[in-house]
Amino acid sequence: MPELPEVETVVRDLRPLLVGRRFTGVWAGPLALRKPWTRGWERRLTGRRVEAIRRRGKWIVAEMERGDRLVVHLGMTGQLTVAPAEAPTKPHTHLVFDLDEGAGQLRFRDVRRFGSATLFQADEDVEAFFRAAGLGPEPFGLDAAYWRQRLAATARCLKAVLLDQRVVAGVGNIYADEALYAARLHPARIASGMGAREADRLRRAVETVLNRAIERRGSSIRDYVGGAGQKGEMQTEFRAYGRTGEPCPRCGALIERVRLAGRSTHFCPVCQKKEVHHKDKKGTKKSHGLKKS
DNA sequence: ATAGGCGCCTGCTGGC
DNA sequence: TGCCAGCAGGCGCCTA
């Protein structure tokens with residue numbers, strides 16, 4: 001569920017609730033998450049203060065005093081929230097951290113258990129972990145050359161490239177579709193066949209879509225909530241994702257759904273042309289006015 | 001090396 | 001009403 005905007009919202013919500021607080025008790029349920037929980041974690045975390053919390057791609061990193069790093073991934077249905085200690089614990093809650101000074105509890109809930117929580121000893125270990133996974137750069141402020149180069153280097157379709165966390169970290173299925181729609185690029189286009197201008201359209205569309213989603217506090221379709229438990233609003237602004245059979249907001253053609261890179265993919269078959277237009281040679285720069293009727 | 005497919009989990013929805 | 005296939009915001013492992 002959570003892509004970069006959702007994870008960013010969680011981190012921003014949690015920051016004032018967690019930073020400076022101490023874990024006074026730690027509990028883990030019996031069901032395993034995606035990665036085995038670190039041996040001796042209760043002892044290492046109990047009594048420790050949270051110094052900072054940050055995001056990297058779709059990962060959440062809580063920086064603990066004395067160097068330990070708690071690294072959380074929300075998978076598809078993960079929720080990381082602070083709640084009052086007396087609030088009922090919902091089903092599928094797998095980790096609970098008691099906070100000092102009546103600040104409540106940090107709780108990790110995850111119905112499908114595709115999420116994970118891992119304890120590292122130091123920042124260097126977290127960085128080594130991200131490096132081993134090949135985690136790519138954050139998608140903001142990248143130069144055009146980076147996109148052009150990464151797209152040129154692969155014969156995969158655009159949808160697959162956007163979902164690849166090694167190319168750019170943080171884009172998932174929703175925002176891949178929304179960015180391709182905004183850039184008017186067909187998701188099945190082969191990445192290496194992109195022109196420089198198209199590559200730059202995609203670069204800008206990814207940034208624009210993600211920034212807008214952060215402003216709207218992410219998308220809540222089913223499970224997603226921010227760090228204080230409230231839903232996001234971006235789902236009301238989807239142009240392509242989940243709108244199969246509805247009219248395209250730009251041209252009125254019906255949004256189609258196909259399967260690409262193993263994922264449901266939504267696009268407008270008219271605005272997002274599969275074949276490249278060769279008409280933008282020199283003279284006809286502003287030819288987009290022609291596609292009326 | 002790289003690209004595609006499957007499995008991991010649970011819950012919900014739509015069609016028969 | 002009931003059942004079951006299909007689907008879901010992600011990722012890692014296996015194979016060709």
# chains A, B, ... in the order shown; residues from 1 in each chain; ligands from 1
>>> interface_residues(of="chain B", to="chain A", cutoff="9 Å", atoms="only C-alpha atoms (C1' of nucleotides)", output="number ranges by chain")
B: 3-5, 8-11
>>> write_last_selection(atoms="C-alpha atoms (C1' of nucleotides)", output="short mmCIF file (atom, residue, chain, number, x, y, z; two decimals), in the first residue's frame")
data_model
loop_
_atom_site.label_atom_id
_atom_site.label_comp_id
_atom_site.auth_asym_id
_atom_site.auth_seq_id
_atom_site.Cartn_x
_atom_site.Cartn_y
_atom_site.Cartn_z
"C1'" DA B 3 13.65 -9.97 -17.05
"C1'" DG B 4 9.55 -12.37 -15.93
"C1'" DG B 5 6.91 -15.39 -12.79
"C1'" DC B 8 4.51 -14.89 0.74
"C1'" DC B 9 -0.28 -13.51 3.77
"C1'" DT B 10 -5.17 -12.01 4.82
"C1'" DG B 11 -9.45 -9.97 3.57
#
>>> residues_around(residues="Val82 (chain A)", least_positions_apart="4", cutoff="6 Å", atoms="only C-alpha atoms (C1' of nucleotides)", output="compact mmCIF listing (two decimals) with C-alpha atoms, in the first residue's frame")
# COMPACT_ATOMS: atom_id res chain seq x y z
CA GLN A 105 2.43 3.58 22.32
CA LEU A 106 4.07 3.19 18.95
CA ALA A 228 -1.57 9.50 13.96
>>> interface_residues(of="chain A", to="chain C", cutoff="7 Å", atoms="only C-alpha atoms (C1' of nucleotides)", output="list in words")
Met1, Pro2, Glu3, Gly75, Met76, Asn173 and Ile174 of chain A
>>> closest_atom_pairs(of="region 161-220 of chain A", to="region 238-245 of chain A", cutoff="12 Å", atoms="only C-alpha atoms", output="JSON lines")
{"residue": "A:Gly172", "atom": "CA", "partner": "A:Tyr241", "partner_atom": "CA", "distance": 11.4}
{"residue": "A:Asn173", "atom": "CA", "partner": "A:Tyr241", "partner_atom": "CA", "distance": 8.4}
{"residue": "A:Ile174", "atom": "CA", "partner": "A:Tyr241", "partner_atom": "CA", "distance": 5.9}
{"residue": "A:Tyr175", "atom": "CA", "partner": "A:Tyr241", "partner_atom": "CA", "distance": 8.1}
{"residue": "A:Ala176", "atom": "CA", "partner": "A:Tyr241", "partner_atom": "CA", "distance": 9.0}
{"residue": "A:Asp177", "atom": "CA", "partner": "A:Tyr241", "partner_atom": "CA", "distance": 6.0}
{"residue": "A:Glu178", "atom": "CA", "partner": "A:Ala240", "partner_atom": "CA", "distance": 6.0}
{"residue": "A:Ala179", "atom": "CA", "partner": "A:Ala240", "partner_atom": "CA", "distance": 9.4}
{"residue": "A:Leu180", "atom": "CA", "partner": "A:Ala240", "partner_atom": "CA", "distance": 9.1}
{"residue": "A:Tyr181", "atom": "CA", "partner": "A:Ala240", "partner_atom": "CA", "distance": 6.7}
{"residue": "A:Ala182", "atom": "CA", "partner": "A:Arg239", "partner_atom": "CA", "distance": 8.4}
{"residue": "A:Ala183", "atom": "CA", "partner": "A:Arg239", "partner_atom": "CA", "distance": 11.9}
{"residue": "A:Arg184", "atom": "CA", "partner": "A:Ala240", "partner_atom": "CA", "distance": 11.1}
{"residue": "A:His186", "atom": "CA", "partner": "A:Ala240", "partner_atom": "CA", "distance": 11.8}
{"residue": "A:Pro187", "atom": "CA", "partner": "A:Ala240", "partner_atom": "CA", "distance": 11.5}
{"residue": "A:Val209", "atom": "CA", "partner": "A:Phe238", "partner_atom": "CA", "distance": 10.0}
{"residue": "A:Arg212", "atom": "CA", "partner": "A:Phe238", "partner_atom": "CA", "distance": 11.0}
{"residue": "A:Ala213", "atom": "CA", "partner": "A:Phe238", "partner_atom": "CA", "distance": 9.9}
{"residue": "A:Arg216", "atom": "CA", "partner": "A:Phe238", "partner_atom": "CA", "distance": 11.6}
{"residue": "A:Gly218", "atom": "CA", "partner": "A:Phe238", "partner_atom": "CA", "distance": 11.3}
{"residue": "A:Ser219", "atom": "CA", "partner": "A:Phe238", "partner_atom": "CA", "distance": 9.2}
{"residue": "A:Ser220", "atom": "CA", "partner": "A:Phe238", "partner_atom": "CA", "distance": 11.4}
>>> residues_around(residues="region 20-25 of chain A", least_positions_apart="2", cutoff="12 Å", atoms="only C-alpha atoms (C1' of nucleotides)", output="PyMOL selection string")
chain A and resi 14-18+27-28+41-53+62-65+82+85+95-107
>>> select_by_dssp(residues="region 15-242 of chain A", states="strand (DSSP E)", output="number ranges by chain")
A: 23-28, 50-56, 59-64, 69-73, 78-83, 93-99, 105-110, 116-120
>>> closest_residue(among="A:Lys90, A:Arg148, A:Arg55, A:Arg69", to="Thr38 (chain A)", atoms="only C-alpha atoms")
A:Arg69
>>> atom_distance(atom1="CA of Asp123 (chain A)", atom2="CA of Pro30 (chain A)")
28.2 Å
